[in-house]
file structure27.cif (mmCIF, C-alpha atoms)
data_start
#
loop_
_atom_site.label_atom_id
_atom_site.label_comp_id
_atom_site.auth_asym_id
_atom_site.auth_seq_id
_atom_site.Cartn_x
_atom_site.Cartn_y
_atom_site.Cartn_z
CA MET A 1 102.50 134.62 71.87
CA THR A 2 105.52 132.42 72.72
CA GLY A 3 105.47 133.79 76.27
CA LEU A 4 101.80 132.94 76.57
CA THR A 5 102.44 129.40 75.29
CA LEU A 6 105.34 128.95 77.73
CA ASN A 7 103.18 130.23 80.57
CA SER A 8 100.31 127.88 79.68
CA SER A 9 102.72 124.97 79.47
CA ARG A 10 104.11 125.86 82.92
CA VAL A 11 100.60 126.12 84.38
CA ALA A 12 99.65 122.78 82.83
CA LYS A 13 102.76 121.14 84.35
CA SER A 14 101.99 122.68 87.75
CA VAL A 15 98.39 121.48 87.65
CA LEU A 16 99.57 118.02 86.60
CA PHE A 17 102.11 117.75 89.44
CA ALA A 18 99.70 119.22 91.99
CA THR A 19 96.89 116.81 91.15
CA LEU A 20 98.92 113.69 90.32
CA PRO A 21 98.52 112.13 93.81
CA LEU A 22 94.73 112.27 93.38
CA ALA A 23 95.19 109.34 90.98
CA LEU A 24 96.05 107.27 94.06
CA LEU A 25 92.40 107.53 95.07
CA TRP A 26 91.75 104.98 92.32
CA PRO A 27 92.26 101.72 94.29
CA GLU A 28 93.39 99.59 91.32
CA LEU A 29 96.08 102.10 90.35
CA ARG A 30 97.23 102.51 93.94
CA GLN A 31 97.49 98.74 94.23
CA VAL A 32 99.62 98.56 91.07
CA VAL A 33 101.94 101.34 92.27
CA GLU A 34 102.27 100.06 95.83
CA ALA A 35 102.68 96.41 94.80
CA ARG A 36 106.16 97.27 93.46
CA MET A 37 108.74 98.61 95.90
CA LEU A 38 110.43 100.54 93.11
CA LEU A 39 107.23 102.39 92.16
CA HIS A 40 106.18 102.83 95.77
CA MET A 41 109.42 104.54 96.80
CA LEU A 42 110.52 106.21 93.59
CA LEU A 43 107.23 107.19 91.98
CA GLU A 44 104.64 107.59 94.73
CA PHE A 45 106.83 109.38 97.27
CA PRO A 46 108.23 111.91 94.74
CA ALA A 47 104.71 112.47 93.30
CA LEU A 48 103.34 113.34 96.74
CA PHE A 49 106.36 115.56 97.45
CA ALA A 50 106.04 117.33 94.09
CA SER A 51 102.34 117.96 94.65
CA GLY A 52 103.01 119.67 97.99
CA TRP A 53 105.89 121.64 96.45
CA VAL A 54 103.81 122.94 93.53
CA MET A 55 100.89 123.84 95.78
CA GLN A 56 103.19 125.89 98.04
CA ARG A 57 104.65 127.72 95.04
CA TRP A 58 101.11 128.51 93.79
CA PHE A 59 100.10 129.57 97.30
CA LEU A 60 103.04 131.97 97.60
CA ARG A 61 102.10 133.64 94.31
CA GLN A 62 98.74 134.72 95.73
CA PRO A 63 99.07 138.29 97.05
CA ALA A 64 96.54 137.65 99.82
CA MET A 65 98.69 134.83 101.17
CA ARG A 66 101.94 136.79 101.37
CA ARG A 67 101.38 137.95 104.94
CA TRP A 68 100.53 134.46 106.11
CA ALA A 69 103.59 133.09 104.32
CA HIS A 70 105.71 135.77 105.99
CA CYS A 71 104.47 134.67 109.45
CA VAL A 72 105.17 131.01 108.60
CA SER A 73 108.67 131.91 107.50
CA LEU A 74 109.34 133.19 111.03
CA LEU A 75 108.87 129.59 112.24
CA ASP A 76 111.48 128.31 109.80
CA TRP A 77 114.63 130.33 110.44
CA ARG A 78 116.98 129.98 107.46
CA GLY A 79 115.10 126.80 106.47
CA TRP A 80 116.17 124.81 109.55
CA CYS A 81 112.71 123.36 110.21
CA GLY A 82 112.24 122.43 106.56
CA ALA A 83 115.63 120.69 106.49
CA THR A 84 114.85 118.81 109.72
CA LEU A 85 111.40 117.74 108.52
CA ALA A 86 112.73 116.56 105.13
CA SER A 87 115.51 114.54 106.81
CA ILE A 88 113.09 112.91 109.25
CA VAL A 89 110.48 112.03 106.60
CA ALA A 90 113.09 110.63 104.21
CA VAL A 91 114.66 108.45 106.94
CA ALA A 92 111.29 107.24 108.19
CA TRP A 93 110.03 106.05 104.80
CA MET A 94 113.24 104.21 103.99
CA LEU A 95 112.73 101.90 106.99
CA PRO A 96 111.55 98.47 105.82
CA ALA A 97 109.19 98.09 108.80
CA LEU A 98 107.39 101.36 108.02
CA LEU A 99 107.10 100.52 104.31
CA ASP A 100 105.33 97.31 105.28
CA LEU A 101 103.15 98.94 107.91
CA ALA A 102 102.06 101.59 105.40
CA LEU A 103 100.61 98.80 103.26
CA LEU A 104 98.93 96.99 106.13
CA ILE A 105 97.64 99.69 108.48
CA PRO A 106 95.45 102.50 107.07
CA VAL A 107 96.58 105.07 109.69
CA VAL A 108 100.23 104.54 108.79
CA SER A 109 99.31 104.78 105.12
CA ALA A 110 97.56 108.13 105.73
CA ALA A 111 100.61 109.35 107.67
CA LYS A 112 102.80 108.45 104.69
CA TYR A 113 100.69 110.39 102.15
CA LEU A 114 100.39 113.39 104.46
CA SER A 115 104.02 113.50 105.55
CA TRP A 116 105.41 113.46 101.99
CA TRP A 117 102.91 116.07 100.79
CA ILE A 118 103.63 118.36 103.76
CA THR A 119 107.38 117.93 103.28
CA GLY A 120 107.04 119.08 99.67
CA TRP A 121 104.93 122.02 100.81
CA VAL A 122 107.34 123.09 103.57
CA LEU A 123 110.55 122.56 101.62
CA ALA A 124 109.34 124.65 98.66
CA GLY A 125 109.39 127.64 101.03
CA SER A 126 112.35 126.55 103.16
CA LEU A 127 114.75 126.06 100.29
CA ARG A 128 114.53 129.75 99.40
CA ARG A 129 115.61 130.72 102.93
CA MET A 130 118.32 128.09 103.31
CA ASP A 131 121.99 129.01 103.52
CA PRO A 132 124.21 127.03 101.15
CA GLU A 133 125.87 125.33 104.15
CA VAL A 134 122.52 124.07 105.46
CA LEU A 135 121.45 123.09 101.96
CA LEU A 136 124.65 121.11 101.45
CA PHE A 137 124.24 119.44 104.83
CA LEU A 138 120.63 118.51 104.02
CA VAL A 139 121.37 117.20 100.54
CA GLY A 140 124.56 115.43 101.65
CA ASN A 141 122.71 113.81 104.53
CA LEU A 142 119.82 112.72 102.30
CA ALA A 143 122.16 111.38 99.61
CA TRP A 144 124.24 109.46 102.16
CA MET A 145 121.11 107.97 103.77
CA MET A 146 119.60 107.00 100.42
CA CYS A 147 122.86 105.45 99.29
CA SER A 148 123.21 103.46 102.56
CA ALA A 149 119.60 102.27 102.41
CA GLY A 150 120.03 101.40 98.73
CA MET A 151 123.16 99.32 99.37
CA LEU A 152 121.42 97.60 102.28
CA TYR A 153 118.48 96.69 100.02
CA VAL A 154 120.88 95.39 97.38
CA ASP A 155 123.08 93.36 99.77
CA ALA A 156 120.41 91.93 102.09
CA PRO A 157 120.37 88.12 101.70
CA ASP A 158 116.63 87.97 102.47
CA ARG A 159 113.55 90.05 101.84
CA LEU A 160 113.51 93.05 104.19
CA CYS A 161 109.86 93.85 103.46
CA VAL A 162 107.26 91.10 103.63
CA ASN A 163 105.25 92.85 100.91
CA TYR A 164 108.00 92.83 98.27
CA LEU A 165 110.00 90.28 96.35
CA GLN A 166 113.78 90.20 96.71
CA GLY A 167 114.38 91.08 93.03
CA ASP A 168 112.20 94.16 93.39
CA GLN A 169 114.09 95.07 96.59
CA GLN A 170 117.43 94.87 94.78
CA GLN A 171 116.20 96.98 91.84
CA THR A 172 114.94 99.58 94.33
CA GLY A 173 118.30 99.52 96.07
CA TRP A 174 120.20 100.32 92.87
CA ALA A 175 117.65 102.99 91.95
CA LEU A 176 118.10 104.62 95.37
CA VAL A 177 121.88 104.70 94.87
CA LEU A 178 121.42 106.39 91.47
CA VAL A 179 118.96 108.94 92.90
CA ALA A 180 121.39 109.64 95.76
CA ILE A 181 124.15 110.42 93.27
CA ALA A 182 121.84 112.67 91.21
CA LEU A 183 120.63 114.43 94.36
CA ALA A 184 124.18 115.07 95.57
CA ALA A 185 125.13 116.50 92.16
CA ALA A 186 122.03 118.76 92.06
CA GLY A 187 122.66 119.95 95.63
CA LEU A 188 126.27 120.82 94.88
CA ARG A 189 125.24 122.65 91.72
CA ARG A 190 122.68 124.71 93.58
CA ALA A 191 124.85 125.41 96.61
CA MET A 192 127.80 126.47 94.46
CA GLY A 193 125.65 128.52 92.07
CA PRO A 194 125.88 132.33 91.78
CA SER A 195 122.62 133.05 93.67
CA ALA A 196 123.26 130.54 96.42
CA ARG A 197 123.27 132.92 99.40
CA ALA A 198 119.76 133.33 100.81
CA ASP A 199 118.31 136.33 102.58
CA PRO A 200 119.50 135.96 106.18
CA VAL A 201 116.15 136.63 107.81
CA ILE A 202 113.01 136.56 105.74
CA ASP A 203 112.80 135.60 102.13
CA SER A 204 111.99 138.69 100.11
CA ARG A 205 113.23 137.68 96.69
CA PRO A 206 110.69 137.81 93.89
CA LEU A 207 108.90 134.55 93.29
CA MET B 1 119.77 145.77 110.51
CA SER B 2 117.18 147.61 112.57
CA ALA B 3 116.52 146.71 116.23
CA ALA B 4 113.03 145.40 115.36
CA ARG B 5 114.43 143.20 112.63
CA ARG B 6 117.20 141.92 114.91
CA TYR B 7 114.62 141.08 117.60
CA ARG B 8 112.45 139.32 115.05
CA ASP B 9 115.44 137.37 113.78
CA ALA B 10 116.44 136.27 117.29
CA LEU B 11 112.86 135.23 118.09
CA SER B 12 112.55 133.36 114.78
CA ARG B 13 115.83 131.53 115.49
CA ARG B 14 114.74 130.44 118.96
CA VAL B 15 111.26 129.33 117.88
CA SER B 16 112.72 127.40 114.94
CA ALA B 17 115.30 125.71 117.19
CA VAL B 18 112.53 124.60 119.57
CA LEU B 19 110.47 123.31 116.63
CA CYS B 20 113.44 121.37 115.26
CA LEU B 21 114.12 119.80 118.66
CA ALA B 22 110.42 118.95 119.06
CA MET B 23 110.37 117.25 115.65
CA LEU B 24 113.52 115.27 116.44
CA ALA B 25 112.16 114.26 119.85
CA ALA B 26 108.83 113.15 118.35
CA PHE B 27 110.65 111.21 115.63
CA SER B 28 112.97 109.51 118.14
CA TRP B 29 109.99 108.54 120.30
CA GLY B 30 108.09 107.14 117.30
CA LEU B 31 111.16 105.31 116.01
CA ARG B 32 111.78 103.76 119.43
CA HIS B 33 108.19 102.53 119.48
CA ILE B 34 108.26 101.13 115.94
CA THR B 35 111.65 99.45 116.28
CA ALA B 36 110.96 98.04 119.77
CA GLY B 37 113.67 100.14 121.39
CA PHE B 38 115.86 100.45 118.26
CA GLU B 39 116.18 96.64 118.14
CA VAL B 40 114.29 95.58 115.02
CA TRP B 41 113.92 97.36 111.70
CA THR B 42 111.72 95.01 109.71
CA PHE B 43 108.12 93.82 109.92
CA GLU B 44 109.36 90.26 110.51
CA GLY B 45 111.57 91.51 113.35
CA ARG B 46 108.56 93.23 114.91
CA ARG B 47 106.64 89.97 114.58
CA GLN B 48 109.35 88.11 116.50
CA VAL B 49 109.13 90.72 119.28
CA ALA B 50 105.32 90.39 119.31
CA VAL B 51 105.67 86.59 119.62
CA ARG B 52 108.00 86.99 122.61
CA SER B 53 105.47 89.22 124.34
CA GLY B 54 102.55 86.91 123.46
CA ALA B 55 100.77 89.67 121.58
CA LEU B 56 99.73 87.65 118.51
CA GLN B 57 96.65 85.47 118.54
CA ALA B 58 95.19 83.53 115.64
CA THR B 59 91.68 84.62 114.75
CA VAL B 60 89.11 81.88 114.95
CA VAL B 61 87.78 81.52 111.39
CA PRO B 62 85.58 78.84 109.81
CA LEU B 63 87.80 76.10 108.38
CA ARG B 64 86.98 73.12 106.15
CA ASP B 65 88.97 69.89 106.15
CA VAL B 66 89.79 67.45 103.31
CA SER B 67 86.29 65.97 103.58
CA ASN B 68 84.76 69.45 103.38
CA ARG B 69 83.62 69.23 107.01
CA ALA B 70 83.60 72.29 109.25
CA LEU B 71 86.60 72.29 111.56
CA THR B 72 87.43 74.20 114.70
CA LEU B 73 90.97 74.06 116.03
CA TRP B 74 92.26 76.66 118.49
CA GLY B 75 89.89 78.77 120.50
CA ASP B 76 87.71 75.74 121.20
CA SER B 77 87.07 75.39 124.95
CA GLY B 78 88.01 71.71 124.77
CA ALA B 79 91.35 72.41 123.11
CA GLY B 80 92.99 73.99 126.15
CA SER B 81 95.86 71.51 126.34
CA ALA B 82 96.56 71.29 122.62
CA ALA B 83 99.62 72.57 120.79
CA TYR B 84 99.43 73.18 117.04
CA LEU B 85 102.38 73.31 114.68
CA VAL B 86 100.94 75.26 111.78
CA ASP B 87 102.28 76.04 108.33
CA PHE B 88 100.60 78.02 105.57
CA VAL B 89 100.61 76.44 102.14
CA TYR B 90 98.92 76.35 98.75
CA THR B 91 98.61 73.14 96.80
CA ARG B 92 100.09 74.53 93.55
CA CYS B 93 103.27 75.50 95.41
CA PRO B 94 106.31 73.82 93.86
CA GLY B 95 109.03 74.97 96.30
CA VAL B 96 108.81 76.00 99.93
CA CYS B 97 105.50 74.25 100.63
CA ARG B 98 106.99 70.94 99.43
CA THR B 99 110.04 71.54 101.64
CA LEU B 100 107.75 72.33 104.55
CA GLY B 101 105.80 69.21 103.65
CA SER B 102 108.91 67.08 103.97
CA GLU B 103 109.72 68.65 107.37
CA PHE B 104 106.14 67.97 108.48
CA GLN B 105 106.56 64.37 107.27
CA GLN B 106 109.60 64.03 109.52
CA MET B 107 107.65 65.48 112.44
CA GLN B 108 104.82 63.07 111.68
CA ARG B 109 107.30 60.14 111.80
CA GLU B 110 108.68 61.42 115.12
CA LEU B 111 105.19 61.67 116.57
CA ALA B 112 104.36 58.15 115.35
CA SER B 113 107.43 56.67 117.04
CA ASP B 114 107.06 58.76 120.20
CA PRO B 115 103.42 59.89 120.50
CA ALA B 116 102.69 63.17 122.26
CA THR B 117 99.17 63.85 123.47
CA GLY B 118 97.75 67.12 122.25
CA VAL B 119 100.36 67.91 119.57
CA HIS B 120 98.81 68.43 116.14
CA LEU B 121 100.36 69.23 112.79
CA VAL B 122 98.21 71.62 110.75
CA SER B 123 98.67 72.77 107.15
CA ILE B 124 96.34 75.58 106.18
CA SER B 125 95.91 76.67 102.57
CA PHE B 126 95.49 80.39 101.96
CA ASP B 127 94.72 79.91 98.26
CA VAL B 128 91.01 79.64 99.00
CA GLU B 129 89.84 80.19 95.45
CA HIS B 130 91.86 77.28 94.07
CA ASP B 131 92.21 74.86 96.97
CA ASP B 132 88.94 73.04 97.59
CA ALA B 133 88.52 69.84 99.61
CA VAL B 134 89.48 67.67 96.62
CA GLN B 135 92.73 69.56 95.94
CA LEU B 136 93.56 69.51 99.62
CA ALA B 137 92.90 65.74 99.89
CA GLN B 138 95.18 65.11 96.89
CA PHE B 139 97.89 67.29 98.42
CA ALA B 140 97.60 65.44 101.74
CA ALA B 141 97.78 62.09 99.96
CA GLN B 142 100.90 63.16 98.02
CA LEU B 143 102.57 64.01 101.34
CA HIS B 144 101.39 60.72 102.94
CA ALA B 145 99.70 62.66 105.74
CA ASP B 146 98.21 60.62 108.57
CA PRO B 147 94.87 62.35 109.30
CA THR B 148 95.07 61.49 113.01
CA THR B 149 98.25 63.59 113.37
CA TRP B 150 98.36 65.94 110.42
CA ILE B 151 95.31 68.04 109.60
CA PHE B 152 94.82 69.86 106.29
CA ALA B 153 92.35 72.74 106.23
CA VAL B 154 91.27 75.72 104.18
CA PRO B 155 89.41 78.81 105.44
CA ALA B 156 85.82 79.18 104.22
CA THR B 157 86.35 82.44 102.32
CA PRO B 158 89.27 84.59 101.06
CA SER B 159 88.48 87.19 103.72
CA ASP B 160 88.65 84.48 106.42
CA ALA B 161 92.06 83.51 105.06
CA GLN B 162 93.20 87.16 105.11
CA SER B 163 91.88 87.60 108.63
CA LEU B 164 93.75 84.52 109.87
CA LEU B 165 97.00 85.47 108.12
CA ARG B 166 96.85 89.08 109.32
CA SER B 167 96.21 88.05 112.91
CA LEU B 168 99.50 86.13 112.86
CA GLY B 169 101.39 88.75 110.82
CA VAL B 170 101.73 86.50 107.78
CA VAL B 171 101.78 88.29 104.41
CA ALA B 172 101.44 86.28 101.20
CA ILE B 173 102.20 88.09 97.94
CA PRO B 174 102.14 86.93 94.31
CA ASP B 175 105.58 85.77 93.18
CA GLY B 176 105.00 86.83 89.58
CA GLN B 177 104.88 83.21 88.40
CA SER B 178 101.28 82.43 89.41
CA GLY B 179 102.43 81.39 92.88
CA PHE B 180 102.94 83.12 96.22
CA VAL B 181 105.74 84.10 98.56
CA HIS B 182 105.09 84.52 102.26
CA ASN B 183 106.96 85.11 105.50
CA GLY B 184 107.15 82.69 108.38
CA ALA B 185 107.47 78.94 108.33
CA ILE B 186 106.38 76.86 111.34
CA HIS B 187 104.04 78.56 113.81
CA LEU B 188 103.50 77.10 117.27
CA LEU B 189 100.02 77.93 118.59
CA ASP B 190 98.56 77.00 121.95
CA GLY B 191 94.99 75.81 122.52
CA ARG B 192 93.68 79.35 122.58
CA GLY B 193 95.38 80.21 119.32
CA ARG B 194 98.14 82.36 120.83
CA LEU B 195 101.33 82.33 118.80
CA ARG B 196 103.93 80.86 121.16
CA GLY B 197 106.83 80.35 118.79
CA LEU B 198 108.12 80.88 115.25
CA PHE B 199 110.56 78.45 113.68
CA GLU B 200 112.39 78.25 110.38
CA VAL B 201 111.87 75.11 108.30
CA GLU B 202 115.19 73.60 109.33
CA GLN B 203 114.37 74.18 113.00
CA TRP B 204 111.59 71.57 112.96
CA PRO B 205 113.17 69.45 115.79
CA GLN B 206 113.12 72.51 118.06
CA ALA B 207 109.54 73.30 116.96
CA LEU B 208 108.43 69.77 117.81
CA ALA B 209 110.22 69.81 121.17
CA ALA B 210 108.59 73.17 122.02
CA ALA B 211 105.16 71.80 121.02
CA ARG B 212 105.61 68.71 123.21
CA GLN B 213 106.66 70.93 126.10
CA LEU B 214 103.72 73.31 125.57
CA ALA B 215 101.15 70.48 125.43
CA THR B 216 102.62 68.84 128.56
CA LEU B 217 102.68 72.13 130.45
CA ALA B 218 99.08 72.92 129.43
CA ARG B 219 97.95 69.48 130.65
CA VAL B 220 99.65 69.97 134.01
CA VAL B 221 98.14 73.43 134.44
CA SER B 222 94.64 72.25 133.45
CA ARG B 223 94.65 69.46 136.09
#
call {"tool": "encode", "arguments": {"input": "structure27.cif", "output": "structure tokens"}}
result
Amino acid sequence: MTGLTLNSSRVAKSVLFATLPLALLWPELRQVVEARMLLHMLLEFPALFASGWVMQRWFLRQPAMRRWAHCVSLLDWRGWCGATLASIVAVAWMLPALLDLALLIPVVSAAKYLSWWITGWVLAGSLRRMDPEVLLFLVGNLAWMMCSAGMLYVDAPDRLCVNYLQGDQQQTGWALVLVAIALAAAGLRRAMGPSARADPVIDSRPL
Amino acid sequence: MSAARRYRDALSRRVSAVLCLAMLAAFSWGLRHITAGFEVWTFEGRRQVAVRSGALQATVVPLRDVSNRALTLWGDSGAGSAAYLVDFVYTRCPGVCRTLGSEFQQMQRELASDPATGVHLVSISFDVEHDDAVQLAQFAAQLHADPTTWIFAVPATPSDAQSLLRSLGVVAIPDGQSGFVHNGAIHLLDGRGRLRGLFEVEQWPQALAAARQLATLARVVSR
């Protein structure tokens, strides 16, 4: 009975995370979220990422999809492609110019939604194949970039984004620094953990 | 490790390396495009680059003046030799707009003492829902604007205002205290509405000199 309850709770959480970005289809809500830099970067981006991540995990649990997933894993040797994609997407959406363009040009906005969702999807598979060294490099790189961007947002004497107020920019900067510290700690914990070493070729551990 | 597995591993490694390089190359190309050759990293920086290349042009939208008459500025065929120094304001603005107003007053004084044919000062309100002709006339009177030199106007509808602001890369956002914050200060437009220069408030002497030069040059060319 307890197992069943735990399982239902896990499914409910997965469904919630997977479908959360659909709320952005409601224009008023999207406007509220994207009108604040803090919510845009630290709520919307993670929500899109988490949705892709959860969908990939669900996808991998389907027996019919195993073969397809196996073929895809051949394109992502030891998680290199996932690490590269995650680094690129994270850098791109920390650039002030792109943050502004995503609010002003619909194509850039679509690219933002898609890129974060796909990154979540890809990384959910990649992380399982990643060697601890690559994982540490990825997390260290992300944390360093987030920290640098955060400090830049805090220290900039003027608004870096025309769509956001300076106070909001500074709050986002501090939040990015805190997330960078948390990310670095989580990466270290995972990389140093007992089951850190991944399968060298194809991920075959139980899901 | 079996030979088949080793082969598969080597193939997977090579394909993944190519994919990684392709992603990095595509990202570098995109980044170079967005940052104008890794030069500018903000929207405002991109706008400055666009001004230098003459890529920004003000949309022609219906405007109303302080007497609620329809007004056409740039884009008019007869306005070929004109130069407009434009700022964007809203009449409830307590801070920057008033500062801009005082800079425009100084430019107005300069133009009165040393007239320049074809140079116009233009203040356009983007707060269309609040700023009607009466509000605009009061604002102009408070700033002692001479209507022969300094024109006050408001777009006909909010979407006209948005269209005009967007065409020049100006973004106005609520400041959380029932006002607005926006980028850009003094915009120099030619007779066709092309954005020829961007100046900070304190650079008004340079803005005026550039406008005089632009109007003179346009007159010489049109002869």
call {"tool": "closest_atom_pairs", "arguments": {"input": "structure27.cif", "of": "segment 101-140 of chain A", "to": "segment 71-91 of chain A", "cutoff": "10 Å", "atoms": "all atoms listed in the file", "output": "JSON lines"}}
result
{"residue": "A:Lys112", "atom": "CA", "partner": "A:Val89", "partner_atom": "CA", "distance": 8.7}
{"residue": "A:Ser115", "atom": "CA", "partner": "A:Val89", "partner_atom": "CA", "distance": 6.7}
{"residue": "A:Trp116", "atom": "CA", "partner": "A:Val89", "partner_atom": "CA", "distance": 7.0}
{"residue": "A:Ile118", "atom": "CA", "partner": "A:Leu85", "partner_atom": "CA", "distance": 9.1}
{"residue": "A:Thr119", "atom": "CA", "partner": "A:Ala86", "partner_atom": "CA", "distance": 5.8}
{"residue": "A:Gly120", "atom": "CA", "partner": "A:Ala86", "partner_atom": "CA", "distance": 8.3}
{"residue": "A:Trp121", "atom": "CA", "partner": "A:Gly82", "partner_atom": "CA", "distance": 9.3}
{"residue": "A:Val122", "atom": "CA", "partner": "A:Gly82", "partner_atom": "CA", "distance": 5.8}
{"residue": "A:Leu123", "atom": "CA", "partner": "A:Gly82", "partner_atom": "CA", "distance": 5.2}
{"residue": "A:Ala124", "atom": "CA", "partner": "A:Gly82", "partner_atom": "CA", "distance": 8.7}
{"residue": "A:Gly125", "atom": "CA", "partner": "A:Ser73", "partner_atom": "CA", "distance": 7.8}
{"residue": "A:Ser126", "atom": "CA", "partner": "A:Gly79", "partner_atom": "CA", "distance": 4.3}
{"residue": "A:Leu127", "atom": "CA", "partner": "A:Gly79", "partner_atom": "CA", "distance": 6.2}
{"residue": "A:Arg128", "atom": "CA", "partner": "A:Gly79", "partner_atom": "CA", "distance": 7.7}
{"residue": "A:Arg129", "atom": "CA", "partner": "A:Arg78", "partner_atom": "CA", "distance": 4.8}
{"residue": "A:Met130", "atom": "CA", "partner": "A:Gly79", "partner_atom": "CA", "distance": 4.7}
{"residue": "A:Asp131", "atom": "CA", "partner": "A:Arg78", "partner_atom": "CA", "distance": 6.4}
{"residue": "A:Val134", "atom": "CA", "partner": "A:Trp80", "partner_atom": "CA", "distance": 7.6}
{"residue": "A:Leu135", "atom": "CA", "partner": "A:Ala83", "partner_atom": "CA", "distance": 7.8}
{"residue": "A:Phe137", "atom": "CA", "partner": "A:Ala83", "partner_atom": "CA", "distance": 8.9}
{"residue": "A:Leu138", "atom": "CA", "partner": "A:Ala83", "partner_atom": "CA", "distance": 6.0}
{"residue": "A:Val139", "atom": "CA", "partner": "A:Ala83", "partner_atom": "CA", "distance": 9.0}
call {"tool": "write_last_selection", "arguments": {"input": "structure27.cif", "atoms": "C-alpha atoms", "output": "compact mmCIF listing (two decimals), in the frame of the given file"}}
result
# COMPACT_ATOMS: atom_id res chain seq x y z
CA LYS A 112 102.80 108.45 104.69
CA SER A 115 104.02 113.50 105.55
CA TRP A 116 105.41 113.46 101.99
CA ILE A 118 103.63 118.36 103.76
CA THR A 119 107.38 117.93 103.28
CA GLY A 120 107.04 119.08 99.67
CA TRP A 121 104.93 122.02 100.81
CA VAL A 122 107.34 123.09 103.57
CA LEU A 123 110.55 122.56 101.62
CA ALA A 124 109.34 124.65 98.66
CA GLY A 125 109.39 127.64 101.03
CA SER A 126 112.35 126.55 103.16
CA LEU A 127 114.75 126.06 100.29
CA ARG A 128 114.53 129.75 99.40
CA ARG A 129 115.61 130.72 102.93
CA MET A 130 118.32 128.09 103.31
CA ASP A 131 121.99 129.01 103.52
CA VAL A 134 122.52 124.07 105.46
CA LEU A 135 121.45 123.09 101.96
CA PHE A 137 124.24 119.44 104.83
CA LEU A 138 120.63 118.51 104.02
CA VAL A 139 121.37 117.20 100.54
call {"tool": "closest_atom_pairs", "arguments": {"input": "structure27.cif", "of": "chain B", "to": "chain A", "cutoff": "7 Å", "atoms": "only C-alpha atoms", "output": "tab-separated table"}}
result
residue	atom	partner	partner_atom	distance
B:Asp9	CA	A:Val201	CA	6.1
B:Ser12	CA	A:Leu74	CA	4.9
B:Arg13	CA	A:Trp77	CA	5.3
B:Val15	CA	A:Leu75	CA	6.1
B:Ser16	CA	A:Leu75	CA	5.2
B:Leu19	CA	A:Cys81	CA	6.8
B:Cys20	CA	A:Cys81	CA	5.5
B:Trp41	CA	A:Ala97	CA	5.6
B:Thr42	CA	A:Ala97	CA	4.1
B:Phe43	CA	A:Ala97	CA	4.5
B:Val171	CA	A:Val162	CA	6.2
B:Ile173	CA	A:Asn163	CA	6.4
B:Asn183	CA	A:Val162	CA	6.3
call {"tool": "residues_around", "arguments": {"input": "structure27.cif", "residues": "Glu129 of chain B", "least_positions_apart": "5", "cutoff": "10 Å", "atoms": "only C-alpha atoms", "output": "number ranges by chain"}}
result
B: 154, 156-158
call {"tool": "atom_distance", "arguments": {"input": "structure27.cif", "atom1": "atom CA of Ile151 of chain B", "atom2": "atom CA of Tyr84 of chain B"}}
result
9.9 Å
call {"tool": "closest_residue", "arguments": {"input": "structure27.cif", "among": "B:Ala215, B:Gly197, B:Arg8, B:Gln105", "to": "Ala141 of chain B", "atoms": "only C-alpha atoms"}}
result
B:Gln105
call {"tool": "closest_residue", "arguments": {"input": "structure27.cif", "among": "A:Pro157, A:Pro63, A:Gly52, A:Gly150", "to": "Leu176 of chain A", "atoms": "only C-alpha atoms"}}
result
A:Gly150
call {"tool": "atom_distance", "arguments": {"input": "structure27.cif", "atom1": "atom CA of Ala207 of chain B", "atom2": "atom CA of Val40 of chain B"}}
result
22.9 Å
call {"tool": "residues_around", "arguments": {"input": "structure27.cif", "residues": "Glu202 of chain B", "least_positions_apart": "3", "cutoff": "12 Å", "atoms": "all atoms listed in the file", "output": "MDAnalysis selection string"}}
result
chainID B and resid 96 99:104 106:107 185:186 198:199 205:208
call {"tool": "write_last_selection", "arguments": {"input": "structure27.cif", "atoms": "C-alpha atoms", "output": "PDB file, in the coordinates of the input"}}
result
ATOM      1  CA  VAL B  96     108.810  76.000  99.930  1.00  0.00           C
ATOM      2  CA  THR B  99     110.040  71.540 101.640  1.00  0.00           C
ATOM      3  CA  LEU B 100     107.750  72.330 104.550  1.00  0.00           C
ATOM      4  CA  GLY B 101     105.800  69.210 103.650  1.00  0.00           C
ATOM      5  CA  SER B 102     108.910  67.080 103.970  1.00  0.00           C
ATOM      6  CA  GLU B 103     109.720  68.650 107.370  1.00  0.00           C
ATOM      7  CA  PHE B 104     106.140  67.970 108.480  1.00  0.00           C
ATOM      8  CA  GLN B 106     109.600  64.030 109.520  1.00  0.00           C
ATOM      9  CA  MET B 107     107.650  65.480 112.440  1.00  0.00           C
ATOM     10  CA  ALA B 185     107.470  78.940 108.330  1.00  0.00           C
ATOM     11  CA  ILE B 186     106.380  76.860 111.340  1.00  0.00           C
ATOM     12  CA  LEU B 198     108.120  80.880 115.250  1.00  0.00           C
ATOM     13  CA  PHE B 199     110.560  78.450 113.680  1.00  0.00           C
ATOM     14  CA  PRO B 205     113.170  69.450 115.790  1.00  0.00           C
ATOM     15  CA  GLN B 206     113.120  72.510 118.060  1.00  0.00           C
ATOM     16  CA  ALA B 207     109.540  73.300 116.960  1.00  0.00           C
ATOM     17  CA  LEU B 208     108.430  69.770 117.810  1.00  0.00           C
TER      18      LEU B 208
END
call {"tool": "resolve_selection", "arguments": {"input": "structure27.cif", "expression": "the PyMOL selection byres ((chain A and resi 19) around 12)", "output": "PyMOL selection string"}}
result
chain A and resi 12-18+20-25+47-55+117
call {"tool": "residues_around", "arguments": {"input": "structure27.cif", "residues": "Asn68 of chain B", "least_positions_apart": "5", "cutoff": "9 Å", "atoms": "all atoms listed in the file", "output": "VMD selection string"}}
result
chain B and resid 63 132 to 134 153
